Amino acid sequence: MATINVQRPERLTLAERLYLPAILNGLRLTWRHIWGERVTLQYPEEERQFKRVYRGVHRLNKDDKGRVKCVACEMCAASCPAHCITIKATEVEWPERDKIPKIFEIDELKCIFCGYCVEACPEDAIHMTRHYHLIARSREDMIFGLDKLLAIYDETKEQEVLRGVDFGMTHARIPGKEAANPDEVQKLAYPVVGVVTKAETQRAQ
Amino acid sequence: MPTMVIDGREVTAPPGANLIEAAKLAGIEIPHFCYHPALKVVASCRMCFVEVTQEVRGKPTTRLTTACNTPAADGMVVRTDTQPVKKAQNDILEFLLINHPVDCPVCDEAGECKLQDYAFAYGTSSSRFAEHRRFRHAKKLGSGIRLYTNRCILCDRCVRFLRDFVGTGELSVTDMGNGNEISVFPGRPIDNVLAGNLPEICPVGALIAEDFLFKARVWNLRPVDSVCPGCSRGCATFLDVKDNEVQRTRARENQAINGYFICDDGRYLYHVIRHETRLEHPAVREGDQLRESNWDHALDVVVSRLAESPERVVILLSPFLTEEEARAGAHLSRVLHGSVPGHVPNALREAPVSFPGGFAIDGDKAPNSAFVQNMAPVPLQDLVVTKDTVILFFNSSLRIGSVSPRDAEILRRAGFVAVIDVLWNDITALADVVLPGRMWAEKSGTFSNSAGMAQSFGAAVLPPPLTRDESDVIMDLTQRITTRISTGGGAIP
Ligand code: SF4
Ligand code: SF4
Ligand code: SF4
Ligand code: SF4
Ligand code: FES
């Protein structure tokens, strides 16, 4: 049998046993805070401002034509540890893309706000905003669908939020988008993720 | 039997085996694209390089060679992991990826793609290609097959399959050099019943089945070992399941039947599971109407008719039943009146088809005819059916029209017909009681093909809630009837 040596705490000193010094010490701290800087916010009248990389409610981004950017690859769903993303794809006949989500649902109640989905997305289509008010009347309402996630984008598109690049993801040569960090992209393996556009073909021919 | 050493392991390969097969016996994988065991070897992709040391004119010589077109020979020493081999594999992958769009996020093959797997396992993730990538539009080739031309690595498998195995040869490589492209001839789309195998044969995501397009990512699928109920050939299949729905059927290798392939009839038969004519609740005839009912009432109606005069009951089995169900049906018949049941032969018959590669499709479009005929030797037309006859018909046919009009006419003559079925069809229309059964994908069982080979399959999806397993219904009926008969035809105690 293994032996574990346990360090017993020293016996209390006289000052500690007297009890009063500790109380006074605590009161001093309270006293200091009463007159110090106020930290309590009067929510909901006041709201806390978080850093750009705060992981709040998701949004689904739109491309420069205002269409959903997501290509329904299910990488986010595959990486989600809470299994809270449900995606069903459908075919579209857009010149540069043919696959988009028909259903895209995030169960915000199951979500643990880890940000893996943002990290996994090869299209930079999903971000996390600084919104943290998650209020709904039922569990069903907490399942955010395509409409809602796109609406959150419209609301927050001016904001700087948590993006794939914050995890070191580089989204190169996706039509209509510049590489996040061109130098890094050069070093990357086969950085082309997404579909080559018609315009590019014509250039090539 | 040549004996050689591969990566330090001694292997004895069957005569005629190439190095890929020999290495496989030793549990070593040699990456390959163009080689397929059912097709001719062309050694065009150059992915399968290995280092072979062999005596050449008395001197041991080491050279880099393609494994797929090197027959295993006595005394060979093969290395699959040396520096030159690794360099070759890496360079080949870099070449193959020059024009590849790497659009894995939208490619249905991702997750079961050889190119993806090999790039991960054998590539070094670097490309020096600075030019514009070649771009080609996707094309519809016919028979529900699409070519995502950009993704093609020109391994030539599809061309060889259609030319040598199927014998129709719709595909060929057109243009030269950088313009190389898989195409059909103008106005001649792919048109054969084995076309559905092309997406499985294609090692990358170039050939895609429209039936499966964007339906699911493959890592979310759960494959279930199944057997095709499409004909008496009984090909082994996988049913790939997600969200309690069969998403696609794939061939499961069985060299004793059709090897690596299945036909399109069997491949797309799974759509019948969720067909709109699916029978989902029991029904009992009232006047000239079939009214929705519940199991207890429907079974009571059947049992009271069966128990009235057991000697006038005819139990009929269809060739769509599993072995277990046919056995249970025969048992019920013995309990009732001590004789064997009859069978209703499958009326859907076509001329058998075979292909140059050895693939054969049976003419009998039911899965278990041989076994059921064995269990229930007398066909319906040889049975005496009058207006006093009470018929209990276990049909569960996946196909409309599997009962011939003449047999249907005989059934119409009977005084009472109860049928277990899975679809609303011409037989349920004439029945007095209709009981909803289950399809092959919803239960486990065994089918014997026309050559007498028995194969078991498992349940892949949950059945509609009000349906019941045929064996279960037979057991239930047997029990109710024995109770009824032993209590002298009176009420169930
Ligand atoms: S933040 Fe994490 S838990 Fe929430 S949806 Fe994304 S991956 Fe899933
Ligand atoms: S990873 Fe991005 S592109 Fe893929 S399904 Fe999720 S949000 Fe859409
Ligand atoms: S389409 Fe597929 S099978 Fe045919 S040559 Fe291209 S990669 Fe090979
Ligand atoms: S040959 Fe017969 S058993 Fe094989 S897949 Fe076709 S229909 Fe099914
Ligand atoms: S598998 Fe050997 S060259 Fe293609």
# chains A, B, ... in the order shown; residues from 1 in each chain; ligands from 1

call {"tool": "residues_around", "arguments": {"residues": "range 480-486 of chain B", "least_positions_apart": "2", "cutoff": "12 Å", "atoms": "only C-alpha atoms", "output": "PyMOL selection string"}}
result
chain B and resi 296+299-310+332-337+473-478+488-493

call {"tool": "residues_around", "arguments": {"residues": "Glu119 in chain A", "least_positions_apart": "3", "cutoff": "6 Å", "atoms": "only C-alpha atoms", "output": "PDB file with C-alpha atoms, in the first residue's frame"}}
result
ATOM      1  CA  TYR A 116     -15.277  25.731 -31.695  1.00  0.00           C
ATOM      2  CA  GLY A 164     -12.199  32.470 -37.320  1.00  0.00           C
ATOM      3  CA  PHE A 167      -8.232  31.153 -33.744  1.00  0.00           C
TER       4      PHE A 167
END

call {"tool": "select_by_dssp", "arguments": {"residues": "range 272-314 of chain B", "states": "strand (DSSP E)", "output": "MDAnalysis selection string"}}
result
chainID B and resid 283:286 289:292 313:314

call {"tool": "interface_residues", "arguments": {"of": "chain B", "to": "chain A", "cutoff": "7 Å", "atoms": "only C-alpha atoms", "output": "PyMOL selection string"}}
result
chain B and resi 101-103+105-106+125-127+132+135+214-215

call {"tool": "residues_around", "arguments": {"residues": "range 242-250 of chain B", "least_positions_apart": "2", "cutoff": "7 Å", "atoms": "only C-alpha atoms", "output": "JSON, numbers by chain"}}
result
{"B": [212, 220, 221, 222, 237, 238, 239, 240, 252, 267, 270, 461, 462]}

call {"tool": "write_last_selection", "arguments": {"atoms": "N, CA and C atoms", "output": "mmCIF file, in the first residue's frame"}}
result
data_model
loop_
_atom_site.group_PDB
_atom_site.id
_atom_site.type_symbol
_atom_site.label_atom_id
_atom_site.label_comp_id
_atom_site.auth_asym_id
_atom_site.auth_seq_id
_atom_site.Cartn_x
_atom_site.Cartn_y
_atom_site.Cartn_z
ATOM 1 N N PHE B 212 -27.997 11.141 -53.778
ATOM 2 C CA PHE B 212 -27.393 11.382 -52.458
ATOM 3 C C PHE B 212 -26.865 12.807 -52.328
ATOM 4 N N ASN B 220 -21.630 11.158 -40.608
ATOM 5 C CA ASN B 220 -22.831 11.075 -39.779
ATOM 6 C C ASN B 220 -23.663 9.841 -40.107
ATOM 7 N N LEU B 221 -23.232 9.050 -41.085
ATOM 8 C CA LEU B 221 -24.026 7.888 -41.486
ATOM 9 C C LEU B 221 -23.645 6.666 -40.667
ATOM 10 N N ARG B 222 -24.642 5.836 -40.405
ATOM 11 C CA ARG B 222 -24.397 4.574 -39.686
ATOM 12 C C ARG B 222 -24.691 3.444 -40.656
ATOM 13 N N THR B 237 -25.571 -5.634 -49.163
ATOM 14 C CA THR B 237 -25.571 -4.170 -49.218
ATOM 15 C C THR B 237 -25.302 -3.569 -47.846
ATOM 16 N N PHE B 238 -24.980 -2.296 -47.864
ATOM 17 C CA PHE B 238 -25.010 -1.484 -46.656
ATOM 18 C C PHE B 238 -26.174 -0.527 -46.806
ATOM 19 N N LEU B 239 -26.970 -0.382 -45.765
ATOM 20 C CA LEU B 239 -27.929 0.712 -45.733
ATOM 21 C C LEU B 239 -27.311 1.777 -44.832
ATOM 22 N N ASP B 240 -27.070 2.956 -45.382
ATOM 23 C CA ASP B 240 -26.476 4.033 -44.595
ATOM 24 C C ASP B 240 -27.582 4.871 -43.984
ATOM 25 N N ARG B 252 -21.982 -4.074 -50.604
ATOM 26 C CA ARG B 252 -21.109 -4.678 -49.591
ATOM 27 C C ARG B 252 -20.454 -5.864 -50.274
ATOM 28 N N ARG B 267 -30.333 -0.535 -55.685
ATOM 29 C CA ARG B 267 -29.739 0.618 -55.004
ATOM 30 C C ARG B 267 -30.790 1.646 -54.614
ATOM 31 N N TYR B 270 -34.617 1.557 -51.764
ATOM 32 C CA TYR B 270 -34.868 1.987 -50.386
ATOM 33 C C TYR B 270 -35.925 3.091 -50.315
ATOM 34 N N VAL B 461 -33.644 0.882 -39.669
ATOM 35 C CA VAL B 461 -34.416 2.035 -39.192
ATOM 36 C C VAL B 461 -35.600 1.561 -38.360
ATOM 37 N N LEU B 462 -36.152 2.470 -37.581
ATOM 38 C CA LEU B 462 -37.341 2.143 -36.809
ATOM 39 C C LEU B 462 -38.547 2.154 -37.741
#

call {"tool": "closest_residue", "arguments": {"among": "A:Ala151, A:Ile143, A:Val165, A:Ile103", "to": "ligand 2", "atoms": "only C-alpha atoms and all ligand atoms"}}
result
A:Ile103

call {"tool": "residues_around", "arguments": {"residues": "Val344 in chain B", "least_positions_apart": "5", "cutoff": "10 Å", "atoms": "only C-alpha atoms", "output": "PDB file with N, CA and C atoms, in the first residue's frame"}}
result
ATOM      1  N   LEU B 316     -51.353 -18.376 -46.989  1.00  0.00           N
ATOM      2  CA  LEU B 316     -50.541 -18.127 -48.178  1.00  0.00           C
ATOM      3  C   LEU B 316     -49.302 -17.318 -47.807  1.00  0.00           C
ATOM      4  N   LEU B 317     -48.184 -17.705 -48.379  1.00  0.00           N
ATOM      5  CA  LEU B 317     -46.937 -16.988 -48.123  1.00  0.00           C
ATOM      6  C   LEU B 317     -46.449 -16.368 -49.432  1.00  0.00           C
ATOM      7  N   SER B 318     -45.815 -15.199 -49.302  1.00  0.00           N
ATOM      8  CA  SER B 318     -45.264 -14.577 -50.511  1.00  0.00           C
ATOM      9  C   SER B 318     -43.746 -14.688 -50.490  1.00  0.00           C
ATOM     10  N   PRO B 319     -43.113 -14.630 -51.635  1.00  0.00           N
ATOM     11  CA  PRO B 319     -41.644 -14.752 -51.684  1.00  0.00           C
ATOM     12  C   PRO B 319     -40.924 -13.523 -51.160  1.00  0.00           C
ATOM     13  N   SER B 369     -37.807 -16.376 -53.105  1.00  0.00           N
ATOM     14  CA  SER B 369     -38.710 -17.321 -53.766  1.00  0.00           C
ATOM     15  C   SER B 369     -38.352 -18.773 -53.481  1.00  0.00           C
ATOM     16  N   VAL B 372     -39.281 -19.912 -49.891  1.00  0.00           N
ATOM     17  CA  VAL B 372     -40.717 -19.928 -49.613  1.00  0.00           C
ATOM     18  C   VAL B 372     -41.390 -21.078 -50.364  1.00  0.00           C
ATOM     19  N   GLN B 373     -40.944 -21.333 -51.574  1.00  0.00           N
ATOM     20  CA  GLN B 373     -41.520 -22.455 -52.326  1.00  0.00           C
ATOM     21  C   GLN B 373     -41.220 -23.780 -51.654  1.00  0.00           C
ATOM     22  N   ALA B 376     -43.635 -23.824 -48.622  1.00  0.00           N
ATOM     23  CA  ALA B 376     -45.042 -23.853 -49.016  1.00  0.00           C
ATOM     24  C   ALA B 376     -45.106 -24.269 -50.483  1.00  0.00           C
ATOM     25  N   PRO B 377     -45.009 -25.568 -50.736  1.00  0.00           N
ATOM     26  CA  PRO B 377     -44.789 -26.033 -52.112  1.00  0.00           C
ATOM     27  C   PRO B 377     -45.955 -25.761 -53.084  1.00  0.00           C
ATOM     28  N   VAL B 378     -47.197 -25.682 -52.577  1.00  0.00           N
ATOM     29  CA  VAL B 378     -48.325 -25.606 -53.516  1.00  0.00           C
ATOM     30  C   VAL B 378     -48.599 -24.160 -53.920  1.00  0.00           C
ATOM     31  N   PRO B 379     -48.585 -23.856 -55.204  1.00  0.00           N
ATOM     32  CA  PRO B 379     -48.929 -22.497 -55.624  1.00  0.00           C
ATOM     33  C   PRO B 379     -50.436 -22.259 -55.502  1.00  0.00           C
ATOM     34  N   LEU B 380     -50.811 -21.016 -55.365  1.00  0.00           N
ATOM     35  CA  LEU B 380     -52.207 -20.654 -55.141  1.00  0.00           C
ATOM     36  C   LEU B 380     -53.126 -21.244 -56.206  1.00  0.00           C
ATOM     37  N   GLN B 381     -52.689 -21.250 -57.449  1.00  0.00           N
ATOM     38  CA  GLN B 381     -53.577 -21.701 -58.528  1.00  0.00           C
ATOM     39  C   GLN B 381     -53.952 -23.178 -58.408  1.00  0.00           C
ATOM     40  N   PHE B 393     -53.187 -14.186 -45.956  1.00  0.00           N
ATOM     41  CA  PHE B 393     -52.125 -14.025 -46.950  1.00  0.00           C
ATOM     42  C   PHE B 393     -51.034 -13.113 -46.384  1.00  0.00           C
ATOM     43  N   PHE B 394     -49.847 -13.703 -46.180  1.00  0.00           N
ATOM     44  CA  PHE B 394     -48.694 -12.897 -45.749  1.00  0.00           C
ATOM     45  C   PHE B 394     -47.981 -12.410 -46.992  1.00  0.00           C
ATOM     46  N   ASN B 395     -48.277 -11.186 -47.391  1.00  0.00           N
ATOM     47  CA  ASN B 395     -47.762 -10.678 -48.656  1.00  0.00           C
ATOM     48  C   ASN B 395     -46.495  -9.850 -48.451  1.00  0.00           C
ATOM     49  N   SER B 402     -46.802  -7.715 -57.810  1.00  0.00           N
ATOM     50  CA  SER B 402     -46.101  -8.980 -57.601  1.00  0.00           C
ATOM     51  C   SER B 402     -47.076 -10.157 -57.543  1.00  0.00           C
ATOM     52  N   VAL B 403     -48.375  -9.880 -57.374  1.00  0.00           N
ATOM     53  CA  VAL B 403     -49.385 -10.943 -57.456  1.00  0.00           C
ATOM     54  C   VAL B 403     -50.030 -10.848 -58.841  1.00  0.00           C
ATOM     55  N   SER B 404     -50.020 -11.945 -59.565  1.00  0.00           N
ATOM     56  CA  SER B 404     -50.530 -11.894 -60.932  1.00  0.00           C
ATOM     57  C   SER B 404     -52.042 -11.659 -60.927  1.00  0.00           C
ATOM     58  N   ASP B 407     -53.956 -14.751 -60.026  1.00  0.00           N
ATOM     59  CA  ASP B 407     -53.973 -15.081 -58.594  1.00  0.00           C
ATOM     60  C   ASP B 407     -54.888 -14.136 -57.828  1.00  0.00           C
ATOM     61  N   ALA B 408     -54.873 -12.867 -58.228  1.00  0.00           N
ATOM     62  CA  ALA B 408     -55.747 -11.893 -57.569  1.00  0.00           C
ATOM     63  C   ALA B 408     -57.207 -12.293 -57.764  1.00  0.00           C
TER      64      ALA B 408
END

call {"tool": "residues_near_ligand", "arguments": {"ligand": "ligand 5", "cutoff": "9 Å", "atoms": "only C-alpha atoms and all ligand atoms", "output": "ChimeraX atom specification"}}
result
/B:20,30-36,41-49,65-70,155

call {"tool": "residues_near_ligand", "arguments": {"ligand": "ligand 1", "cutoff": "6 Å", "atoms": "only C-alpha atoms and all ligand atoms", "output": "MDAnalysis selection string"}}
result
chainID A and resid 79:82 84:85 111:117

call {"tool": "write_last_selection", "arguments": {"atoms": "all heavy atoms", "output": "PDB file, in the first residue's frame"}}
result
ATOM      1  N   SER A  79     -17.638  19.697 -35.043  1.00  0.00           N
ATOM      2  CA  SER A  79     -16.711  20.061 -33.972  1.00  0.00           C
ATOM      3  C   SER A  79     -17.437  20.459 -32.693  1.00  0.00           C
ATOM      4  O   SER A  79     -16.808  20.631 -31.666  1.00  0.00           O
ATOM      5  CB  SER A  79     -15.818  21.211 -34.425  1.00  0.00           C
ATOM      6  OG  SER A  79     -16.606  22.354 -34.653  1.00  0.00           O
ATOM      7  N   CYS A  80     -18.726  20.600 -32.768  1.00  0.00           N
ATOM      8  CA  CYS A  80     -19.480  21.090 -31.607  1.00  0.00           C
ATOM      9  C   CYS A  80     -19.534  20.027 -30.503  1.00  0.00           C
ATOM     10  O   CYS A  80     -20.092  18.958 -30.691  1.00  0.00           O
ATOM     11  CB  CYS A  80     -20.900  21.468 -32.026  1.00  0.00           C
ATOM     12  SG  CYS A  80     -21.925  21.959 -30.642  1.00  0.00           S
ATOM     13  N   PRO A  81     -18.947  20.298 -29.345  1.00  0.00           N
ATOM     14  CA  PRO A  81     -18.948  19.293 -28.285  1.00  0.00           C
ATOM     15  C   PRO A  81     -20.323  19.102 -27.651  1.00  0.00           C
ATOM     16  O   PRO A  81     -20.571  18.100 -27.004  1.00  0.00           O
ATOM     17  CB  PRO A  81     -17.956  19.847 -27.271  1.00  0.00           C
ATOM     18  CG  PRO A  81     -17.939  21.313 -27.508  1.00  0.00           C
ATOM     19  CD  PRO A  81     -18.228  21.521 -28.954  1.00  0.00           C
ATOM     20  N   ALA A  82     -21.218  20.064 -27.860  1.00  0.00           N
ATOM     21  CA  ALA A  82     -22.538  19.958 -27.238  1.00  0.00           C
ATOM     22  C   ALA A  82     -23.571  19.378 -28.200  1.00  0.00           C
ATOM     23  O   ALA A  82     -24.725  19.197 -27.830  1.00  0.00           O
ATOM     24  CB  ALA A  82     -22.998  21.335 -26.776  1.00  0.00           C
ATOM     25  N   CYS A  84     -25.151  20.685 -30.654  1.00  0.00           N
ATOM     26  CA  CYS A  84     -26.338  21.523 -30.656  1.00  0.00           C
ATOM     27  C   CYS A  84     -26.586  22.170 -32.009  1.00  0.00           C
ATOM     28  O   CYS A  84     -27.478  22.992 -32.141  1.00  0.00           O
ATOM     29  CB  CYS A  84     -26.258  22.562 -29.552  1.00  0.00           C
ATOM     30  SG  CYS A  84     -24.926  23.716 -29.746  1.00  0.00           S
ATOM     31  N   ILE A  85     -25.807  21.807 -33.025  1.00  0.00           N
ATOM     32  CA  ILE A  85     -26.012  22.396 -34.350  1.00  0.00           C
ATOM     33  C   ILE A  85     -26.636  21.356 -35.275  1.00  0.00           C
ATOM     34  O   ILE A  85     -26.145  20.233 -35.379  1.00  0.00           O
ATOM     35  CB  ILE A  85     -24.687  22.900 -34.952  1.00  0.00           C
ATOM     36  CG1 ILE A  85     -23.996  23.851 -33.973  1.00  0.00           C
ATOM     37  CG2 ILE A  85     -24.931  23.577 -36.287  1.00  0.00           C
ATOM     38  CD1 ILE A  85     -22.691  24.425 -34.471  1.00  0.00           C
ATOM     39  N   CYS A 111     -25.871  24.938 -26.122  1.00  0.00           N
ATOM     40  CA  CYS A 111     -24.557  25.481 -26.467  1.00  0.00           C
ATOM     41  C   CYS A 111     -23.773  25.839 -25.209  1.00  0.00           C
ATOM     42  O   CYS A 111     -24.325  26.353 -24.240  1.00  0.00           O
ATOM     43  CB  CYS A 111     -24.756  26.714 -27.326  1.00  0.00           C
ATOM     44  SG  CYS A 111     -23.246  27.612 -27.668  1.00  0.00           S
ATOM     45  N   ILE A 112     -22.480  25.539 -25.247  1.00  0.00           N
ATOM     46  CA  ILE A 112     -21.650  25.897 -24.098  1.00  0.00           C
ATOM     47  C   ILE A 112     -20.751  27.086 -24.429  1.00  0.00           C
ATOM     48  O   ILE A 112     -19.816  27.390 -23.708  1.00  0.00           O
ATOM     49  CB  ILE A 112     -20.809  24.697 -23.634  1.00  0.00           C
ATOM     50  CG1 ILE A 112     -19.967  24.163 -24.791  1.00  0.00           C
ATOM     51  CG2 ILE A 112     -21.683  23.586 -23.081  1.00  0.00           C
ATOM     52  CD1 ILE A 112     -18.867  23.239 -24.355  1.00  0.00           C
ATOM     53  N   PHE A 113     -20.990  27.714 -25.570  1.00  0.00           N
ATOM     54  CA  PHE A 113     -20.273  28.926 -25.980  1.00  0.00           C
ATOM     55  C   PHE A 113     -18.762  28.750 -25.969  1.00  0.00           C
ATOM     56  O   PHE A 113     -18.037  29.579 -25.446  1.00  0.00           O
ATOM     57  CB  PHE A 113     -20.738  30.114 -25.127  1.00  0.00           C
ATOM     58  CG  PHE A 113     -22.196  30.378 -25.327  1.00  0.00           C
ATOM     59  CD1 PHE A 113     -23.141  29.823 -24.477  1.00  0.00           C
ATOM     60  CD2 PHE A 113     -22.629  31.099 -26.425  1.00  0.00           C
ATOM     61  CE1 PHE A 113     -24.492  30.012 -24.702  1.00  0.00           C
ATOM     62  CE2 PHE A 113     -23.978  31.287 -26.650  1.00  0.00           C
ATOM     63  CZ  PHE A 113     -24.914  30.740 -25.790  1.00  0.00           C
ATOM     64  N   CYS A 114     -18.346  27.634 -26.559  1.00  0.00           N
ATOM     65  CA  CYS A 114     -16.919  27.343 -26.584  1.00  0.00           C
ATOM     66  C   CYS A 114     -16.234  28.001 -27.767  1.00  0.00           C
ATOM     67  O   CYS A 114     -15.033  28.198 -27.768  1.00  0.00           O
ATOM     68  CB  CYS A 114     -16.695  25.842 -26.644  1.00  0.00           C
ATOM     69  SG  CYS A 114     -17.381  25.102 -28.134  1.00  0.00           S
ATOM     70  N   GLY A 115     -17.001  28.283 -28.819  1.00  0.00           N
ATOM     71  CA  GLY A 115     -16.405  28.928 -29.984  1.00  0.00           C
ATOM     72  C   GLY A 115     -15.771  27.979 -30.978  1.00  0.00           C
ATOM     73  O   GLY A 115     -15.188  28.408 -31.976  1.00  0.00           O
ATOM     74  N   TYR A 116     -15.884  26.677 -30.749  1.00  0.00           N
ATOM     75  CA  TYR A 116     -15.277  25.731 -31.695  1.00  0.00           C
ATOM     76  C   TYR A 116     -15.875  25.866 -33.091  1.00  0.00           C
ATOM     77  O   TYR A 116     -15.210  25.662 -34.091  1.00  0.00           O
ATOM     78  CB  TYR A 116     -15.470  24.288 -31.212  1.00  0.00           C
ATOM     79  CG  TYR A 116     -14.560  23.877 -30.090  1.00  0.00           C
ATOM     80  CD1 TYR A 116     -13.700  24.783 -29.506  1.00  0.00           C
ATOM     81  CD2 TYR A 116     -14.570  22.566 -29.622  1.00  0.00           C
ATOM     82  CE1 TYR A 116     -12.867  24.402 -28.467  1.00  0.00           C
ATOM     83  CE2 TYR A 116     -13.738  22.173 -28.591  1.00  0.00           C
ATOM     84  CZ  TYR A 116     -12.895  23.093 -28.016  1.00  0.00           C
ATOM     85  OH  TYR A 116     -12.082  22.707 -26.991  1.00  0.00           O
ATOM     86  N   CYS A 117     -17.180  26.154 -33.135  1.00  0.00           N
ATOM     87  CA  CYS A 117     -17.831  26.277 -34.442  1.00  0.00           C
ATOM     88  C   CYS A 117     -17.211  27.404 -35.247  1.00  0.00           C
ATOM     89  O   CYS A 117     -16.979  27.273 -36.445  1.00  0.00           O
ATOM     90  CB  CYS A 117     -19.328  26.496 -34.265  1.00  0.00           C
ATOM     91  SG  CYS A 117     -19.748  27.743 -33.046  1.00  0.00           S
TER      92      CYS A 117
END

call {"tool": "residues_near_ligand", "arguments": {"ligand": "ligand 4", "cutoff": "9 Å", "atoms": "only C-alpha atoms and all ligand atoms", "output": "ChimeraX atom specification"}}
result
/B:193-194,227-237,251,257-258,261-267,269,353,359-367,449

call {"tool": "residues_near_ligand", "arguments": {"ligand": "ligand 3", "cutoff": "9 Å", "atoms": "only C-alpha atoms and all ligand atoms", "output": "PyMOL selection string"}}
result
chain B and resi 33-34+147-149+151-161+171-173+181-182+198-208

call {"tool": "write_last_selection", "arguments": {"atoms": "C-alpha atoms", "output": "compact mmCIF listing (two decimals), in the first residue's frame"}}
result
# COMPACT_ATOMS: atom_id res chain seq x y z
CA PHE B 33 -6.23 5.39 -56.94
CA CYS B 34 -6.50 3.73 -60.34
CA LEU B 147 -19.37 14.73 -62.83
CA TYR B 148 -17.77 17.46 -60.76
CA THR B 149 -15.10 17.77 -63.38
CA ARG B 151 -12.35 17.11 -58.74
CA CYS B 152 -11.48 14.38 -61.23
CA ILE B 153 -7.96 12.97 -60.98
CA LEU B 154 -8.29 11.09 -64.29
CA CYS B 155 -7.67 7.71 -62.74
CA ASP B 156 -9.74 6.13 -65.52
CA ARG B 157 -11.63 3.77 -63.20
CA CYS B 158 -15.03 4.93 -64.43
CA VAL B 159 -14.05 4.53 -68.06
CA ARG B 160 -12.77 1.01 -67.51
CA PHE B 161 -15.80 0.05 -65.47
CA LEU B 171 -17.52 7.35 -70.81
CA SER B 172 -14.16 8.18 -72.28
CA VAL B 173 -11.31 10.58 -71.76
CA GLU B 181 -11.58 15.38 -69.24
CA ILE B 182 -14.04 12.55 -68.65
CA LEU B 198 -19.84 4.88 -60.46
CA PRO B 199 -19.80 7.19 -57.42
CA GLU B 200 -18.54 4.25 -55.36
CA ILE B 201 -15.88 3.39 -57.92
CA CYS B 202 -14.64 6.95 -58.25
CA PRO B 203 -11.91 7.31 -55.62
CA VAL B 204 -12.59 11.03 -55.26
CA GLY B 205 -15.72 13.18 -55.31
CA ALA B 206 -15.84 13.63 -59.06
CA LEU B 207 -18.69 11.24 -59.78
CA ILE B 208 -21.59 12.01 -57.48

call {"tool": "residues_around", "arguments": {"residues": "Trp440 in chain B", "least_positions_apart": "6", "cutoff": "9 Å", "atoms": "only C-alpha atoms", "output": "number ranges by chain"}}
result
B: 226-229, 273, 320-322, 457-460

call {"tool": "write_last_selection", "arguments": {"atoms": "N, CA and C atoms", "output": "PDB file, in the first residue's frame"}}
result
ATOM      1  N   SER B 226     -26.962  -5.214 -44.779  1.00  0.00           N
ATOM      2  CA  SER B 226     -28.278  -5.615 -45.235  1.00  0.00           C
ATOM      3  C   SER B 226     -28.139  -6.501 -46.471  1.00  0.00           C
ATOM      4  N   VAL B 227     -29.283  -6.949 -46.963  1.00  0.00           N
ATOM      5  CA  VAL B 227     -29.308  -7.765 -48.167  1.00  0.00           C
ATOM      6  C   VAL B 227     -30.354  -7.146 -49.086  1.00  0.00           C
ATOM      7  N   CYS B 228     -30.039  -7.029 -50.366  1.00  0.00           N
ATOM      8  CA  CYS B 228     -30.974  -6.394 -51.285  1.00  0.00           C
ATOM      9  C   CYS B 228     -32.184  -7.296 -51.530  1.00  0.00           C
ATOM     10  N   PRO B 229     -33.390  -6.753 -51.347  1.00  0.00           N
ATOM     11  CA  PRO B 229     -34.587  -7.546 -51.613  1.00  0.00           C
ATOM     12  C   PRO B 229     -35.076  -7.381 -53.049  1.00  0.00           C
ATOM     13  N   ILE B 273     -39.350   2.568 -48.661  1.00  0.00           N
ATOM     14  CA  ILE B 273     -39.578   2.541 -47.207  1.00  0.00           C
ATOM     15  C   ILE B 273     -40.444   3.719 -46.768  1.00  0.00           C
ATOM     16  N   PHE B 320     -41.657 -12.548 -50.621  1.00  0.00           N
ATOM     17  CA  PHE B 320     -41.003 -11.386 -50.015  1.00  0.00           C
ATOM     18  C   PHE B 320     -40.772 -11.594 -48.527  1.00  0.00           C
ATOM     19  N   LEU B 321     -41.281 -12.700 -47.987  1.00  0.00           N
ATOM     20  CA  LEU B 321     -41.093 -12.964 -46.556  1.00  0.00           C
ATOM     21  C   LEU B 321     -39.686 -13.459 -46.288  1.00  0.00           C
ATOM     22  N   THR B 322     -39.212 -13.236 -45.064  1.00  0.00           N
ATOM     23  CA  THR B 322     -37.912 -13.782 -44.686  1.00  0.00           C
ATOM     24  C   THR B 322     -38.073 -15.268 -44.359  1.00  0.00           C
ATOM     25  N   PHE B 457     -29.692 -10.278 -42.410  1.00  0.00           N
ATOM     26  CA  PHE B 457     -29.564  -8.823 -42.411  1.00  0.00           C
ATOM     27  C   PHE B 457     -30.156  -8.281 -41.117  1.00  0.00           C
ATOM     28  N   GLY B 458     -29.759  -7.063 -40.783  1.00  0.00           N
ATOM     29  CA  GLY B 458     -30.222  -6.459 -39.543  1.00  0.00           C
ATOM     30  C   GLY B 458     -31.174  -5.310 -39.803  1.00  0.00           C
ATOM     31  N   ALA B 459     -31.858  -4.877 -38.755  1.00  0.00           N
ATOM     32  CA  ALA B 459     -32.770  -3.743 -38.891  1.00  0.00           C
ATOM     33  C   ALA B 459     -31.962  -2.455 -38.949  1.00  0.00           C
ATOM     34  N   ALA B 460     -32.337  -1.588 -39.887  1.00  0.00           N
ATOM     35  CA  ALA B 460     -31.593  -0.345 -40.058  1.00  0.00           C
ATOM     36  C   ALA B 460     -32.332   0.847 -39.472  1.00  0.00           C
TER      37      ALA B 460
END
